[in-house]
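Structure first, commentary second.
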Amino acid sequence: MEDRMQKIKCFILDMDGTIYLGNELFDFTPDFLKKVEETGREYYFFTNNSSKSQQAYIDRLAGMGIRIRPEQMMISSHVMIEYLKEHHPGKNIYVVGTPSLIHEFETFHMPLTEENPNIVILGFDTTLTYEKMAKACHYVRNGCVYYGINPDWNCPIEGGDFIPDCGSMAKMIEASTGRFPEFFGKPSKHTLDYIIRQTGYSPEEIAIVGDRLYTDIAVADKSPVTSILVLSGESTMEDVKKSDVKPNMIVDSLENITEIL
């Protein structure tokens with residue numbers, strides 16, 4: 001583990017369950033971030049949650065005492081937007097999403113429409129209405145290009161409970177239309193490629209750290225990128241035993257990584 005860690009120059013950190021839980025920053029997080037910087041390494045954050053804007057996360061981290069450059073905060077919706085710009089330039093887009101997600105698309109001057117789109121984008125919409133879902137199903141059923149932003153089934157909330165996330169919403173559309181979208185957040189290869197491009201590091205120099213096997217760890221599966229599972233959030237050792245996806249390293253928390261940097 002120590003030998004492999006010496007090659008790592010960049011950490012991509014999940015957020016809830018990794019650096020904080022709910023609204024509480026883990027006590028060991030500041031020491032970890034400080035040690036990363038002291039050893040000449042860099043850190044970035046990546047969240048799959050497509051219901052909030054990049055700035056919302058920057059502000060949340062600032063409220064916890066972590067101040068970062070905008071490029072250090074990566075979000076799944078930016079992976080989607082970059083792909084659309086490259087592969088579907090100028091195409092009209094109907095987005096199922098929160099006002100924050102819509103604003104993120106507008107910030108990048110994406111051509112949004114409510115009627116007759118070429119593309120339907122499904123995000124994690126905590127403002128979902130029956131009207132939005134009916135329109136999305138109509139467009140998807142009639143042949144629109146159809147993508148989803150993040151594939152998470154559930155989003156954790158305060159008190160240890162969960163609410164339906166983007167993947168669950170996609171299942172509802174599938175039940176009506178027979179179509180399920182290609183997703184772009186973790187664990188999609190689109191996300192891994194995006195991380196490598198944005199950081200400028202080689203895959204061997206990158207470690208992705210998170211608490212979810214099926215997103216955080218799976219995104220690095222079968223690649224030279226190092227995956228580190230922390231047991232401070234969702235996944236347990238029992239989950240690891242049952243999973244086809246295996247992390248390169250397993251630690252209790254970021255504190256264990258700090259000790260060997």
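Order determines the names: the first chain of the structure tokens is A, the second B, and so forth; residues in each chain are numbered 1 upward, and ligands are numbered 1 upward as they are shown.
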Sorted by chain and rising residue number, which residues of segment 83-127 of chain A lie within 12 Å of segment 135-145 of chain A, and what are their closest atom pairs and distances in Å to one decimal, counting only C-alpha atoms, as CSV?
```
residue,atom,partner,partner_atom,distance
A:Leu84,CA,A:Val145,CA,11.0
A:His87,CA,A:Val145,CA,11.6
A:His88,CA,A:Val145,CA,9.9
A:Lys91,CA,A:Val145,CA,10.2
A:Asn92,CA,A:Cys144,CA,10.3
A:Ile93,CA,A:Val145,CA,9.4
A:Tyr94,CA,A:Ala136,CA,7.8
A:Val95,CA,A:Ala136,CA,8.5
A:Val96,CA,A:Ala136,CA,7.3
A:Gly97,CA,A:Ala136,CA,11.1
A:Thr113,CA,A:Lys135,CA,11.7
A:Glu114,CA,A:Lys135,CA,8.6
A:Glu115,CA,A:Lys135,CA,8.9
A:Asn116,CA,A:Tyr139,CA,7.6
A:Pro117,CA,A:Cys144,CA,7.2
A:Asn118,CA,A:Cys144,CA,5.4
A:Ile119,CA,A:Val145,CA,4.6
A:Val120,CA,A:Val145,CA,6.2
A:Ile121,CA,A:Val145,CA,8.6
A:Leu122,CA,A:Ala136,CA,8.4
A:Gly123,CA,A:Ala136,CA,11.5
```
Run DSSP on the backbone of this structure and report the residues of segment 80-183 of chain A it assigns to strand (DSSP E), as a PyMOL selection string.
-> chain A and resi 93-96+119-122+145-148+154-156+162-164+182-183
Residues from last step as file, C-alpha atoms, as a tab-separated table (two decimals), in the first residue's frame:
```tsv
chain	number	residue	atom	x	y	z
A	93	ILE	CA	-32.21	19.74	-25.09
A	94	TYR	CA	-35.02	19.03	-22.65
A	95	VAL	CA	-33.63	18.66	-19.12
A	96	VAL	CA	-35.50	16.97	-16.29
A	119	ILE	CA	-32.19	15.21	-26.70
A	120	VAL	CA	-33.67	14.37	-23.28
A	121	ILE	CA	-31.38	14.65	-20.25
A	122	LEU	CA	-32.46	13.09	-16.95
A	145	VAL	CA	-31.59	10.81	-27.90
A	146	TYR	CA	-31.78	10.00	-24.19
A	147	TYR	CA	-29.06	10.32	-21.53
A	148	GLY	CA	-28.97	10.19	-17.74
A	154	ASN	CA	-30.77	6.44	-3.82
A	155	CYS	CA	-29.44	9.63	-2.24
A	156	PRO	CA	-28.58	9.54	1.48
A	162	PHE	CA	-32.56	7.60	1.57
A	163	ILE	CA	-34.62	9.26	-1.16
A	164	PRO	CA	-34.97	8.05	-4.79
A	182	GLU	CA	-26.68	5.76	-20.92
A	183	PHE	CA	-25.34	7.40	-17.74
```
Which segment 77-111 of chain A residues have any atom within 7 Å of an atom of segment 43-66 of chain A, and for each, what is the nearest pair of atoms with distance in Å to one decimal, counting only C-alpha atoms, rows sorted by chain and number, as a tab-separated table?
```
residue	atom	partner	partner_atom	distance
A:Ser77	CA	A:Ser50	CA	5.8
A:Gly97	CA	A:Ser51	CA	6.7
A:Thr98	CA	A:Ser51	CA	5.7
A:Ser100	CA	A:Lys52	CA	5.4
A:Leu101	CA	A:Ser51	CA	5.9
A:Glu104	CA	A:Ser53	CA	6.2
```
List every residue of segment 1-147 of chain A that DSSP, applied to the backbone of this structure, assigns to helix (DSSP H, G or I), and report them as a PyMOL selection string.
-> chain A and resi 2-6+29-38+54-63+70-72+76-87+99-107+130-141
Quick one: write out the picked residues with C-alpha atoms as an mmCIF file, in the first residue's frame?
```
data_model
loop_
_atom_site.group_PDB
_atom_site.id
_atom_site.type_symbol
_atom_site.label_atom_id
_atom_site.label_comp_id
_atom_site.auth_asym_id
_atom_site.auth_seq_id
_atom_site.Cartn_x
_atom_site.Cartn_y
_atom_site.Cartn_z
ATOM 1 C CA GLU A 2 2.800 2.436 0.885
ATOM 2 C CA ASP A 3 4.697 1.659 -2.341
ATOM 3 C CA ARG A 4 1.616 2.282 -4.452
ATOM 4 C CA MET A 5 0.826 5.484 -2.573
ATOM 5 C CA GLN A 6 4.214 6.967 -3.440
ATOM 6 C CA THR A 29 -10.505 15.557 6.878
ATOM 7 C CA PRO A 30 -8.578 18.838 7.430
ATOM 8 C CA ASP A 31 -5.422 16.922 8.413
ATOM 9 C CA PHE A 32 -5.689 14.758 5.306
ATOM 10 C CA LEU A 33 -6.093 17.744 2.973
ATOM 11 C CA LYS A 34 -3.202 19.535 4.650
ATOM 12 C CA LYS A 35 -0.936 16.484 4.311
ATOM 13 C CA VAL A 36 -1.815 16.133 0.623
ATOM 14 C CA GLU A 37 -0.703 19.717 0.010
ATOM 15 C CA GLU A 38 2.406 19.413 2.211
ATOM 16 C CA GLN A 54 -20.890 23.503 -8.766
ATOM 17 C CA GLN A 55 -21.078 26.763 -6.803
ATOM 18 C CA ALA A 56 -23.446 25.229 -4.253
ATOM 19 C CA TYR A 57 -20.799 22.629 -3.410
ATOM 20 C CA ILE A 58 -18.004 25.198 -3.344
ATOM 21 C CA ASP A 59 -20.086 27.231 -0.883
ATOM 22 C CA ARG A 60 -20.849 24.157 1.225
ATOM 23 C CA LEU A 61 -17.172 23.283 1.495
ATOM 24 C CA ALA A 62 -16.322 26.890 2.361
ATOM 25 C CA GLY A 63 -18.867 26.708 5.179
ATOM 26 C CA PRO A 70 -13.639 26.135 -8.927
ATOM 27 C CA GLU A 71 -11.756 23.581 -11.016
ATOM 28 C CA GLN A 72 -11.234 21.476 -7.879
ATOM 29 C CA SER A 76 -21.406 14.817 -12.895
ATOM 30 C CA SER A 77 -23.464 17.353 -14.843
ATOM 31 C CA HIS A 78 -20.245 18.901 -16.217
ATOM 32 C CA VAL A 79 -19.267 15.504 -17.641
ATOM 33 C CA MET A 80 -22.626 15.438 -19.408
ATOM 34 C CA ILE A 81 -22.382 19.027 -20.670
ATOM 35 C CA GLU A 82 -18.875 18.519 -22.056
ATOM 36 C CA TYR A 83 -20.038 15.427 -23.953
ATOM 37 C CA LEU A 84 -23.052 17.230 -25.396
ATOM 38 C CA LYS A 85 -20.896 20.125 -26.583
ATOM 39 C CA GLU A 86 -18.550 17.759 -28.384
ATOM 40 C CA HIS A 87 -20.989 15.188 -29.783
ATOM 41 C CA PRO A 99 -33.512 24.848 -11.072
ATOM 42 C CA SER A 100 -29.832 24.515 -10.061
ATOM 43 C CA LEU A 101 -29.214 21.923 -12.783
ATOM 44 C CA ILE A 102 -31.054 24.028 -15.371
ATOM 45 C CA HIS A 103 -28.924 27.024 -14.368
ATOM 46 C CA GLU A 104 -25.760 24.948 -14.798
ATOM 47 C CA PHE A 105 -26.778 24.129 -18.371
ATOM 48 C CA GLU A 106 -27.619 27.786 -19.022
ATOM 49 C CA THR A 107 -24.209 28.856 -17.687
ATOM 50 C CA TYR A 130 -45.836 14.434 -13.071
ATOM 51 C CA GLU A 131 -45.857 16.935 -15.946
ATOM 52 C CA LYS A 132 -42.058 16.773 -16.311
ATOM 53 C CA MET A 133 -42.078 12.977 -16.239
ATOM 54 C CA ALA A 134 -44.924 12.736 -18.759
ATOM 55 C CA LYS A 135 -43.122 15.087 -21.183
ATOM 56 C CA ALA A 136 -39.862 13.184 -20.824
ATOM 57 C CA CYS A 137 -41.602 9.874 -21.485
ATOM 58 C CA HIS A 138 -43.339 11.314 -24.564
ATOM 59 C CA TYR A 139 -40.064 12.568 -26.051
ATOM 60 C CA VAL A 140 -38.137 9.400 -25.187
ATOM 61 C CA ARG A 141 -40.901 7.172 -26.543
#
```
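You can rank A:Met169, A:Ile68, A:Leu213, A:Leu254 by their closest distance to Asp239 of chain A using only C-alpha atoms, and at the top of that list sits A:Leu213.
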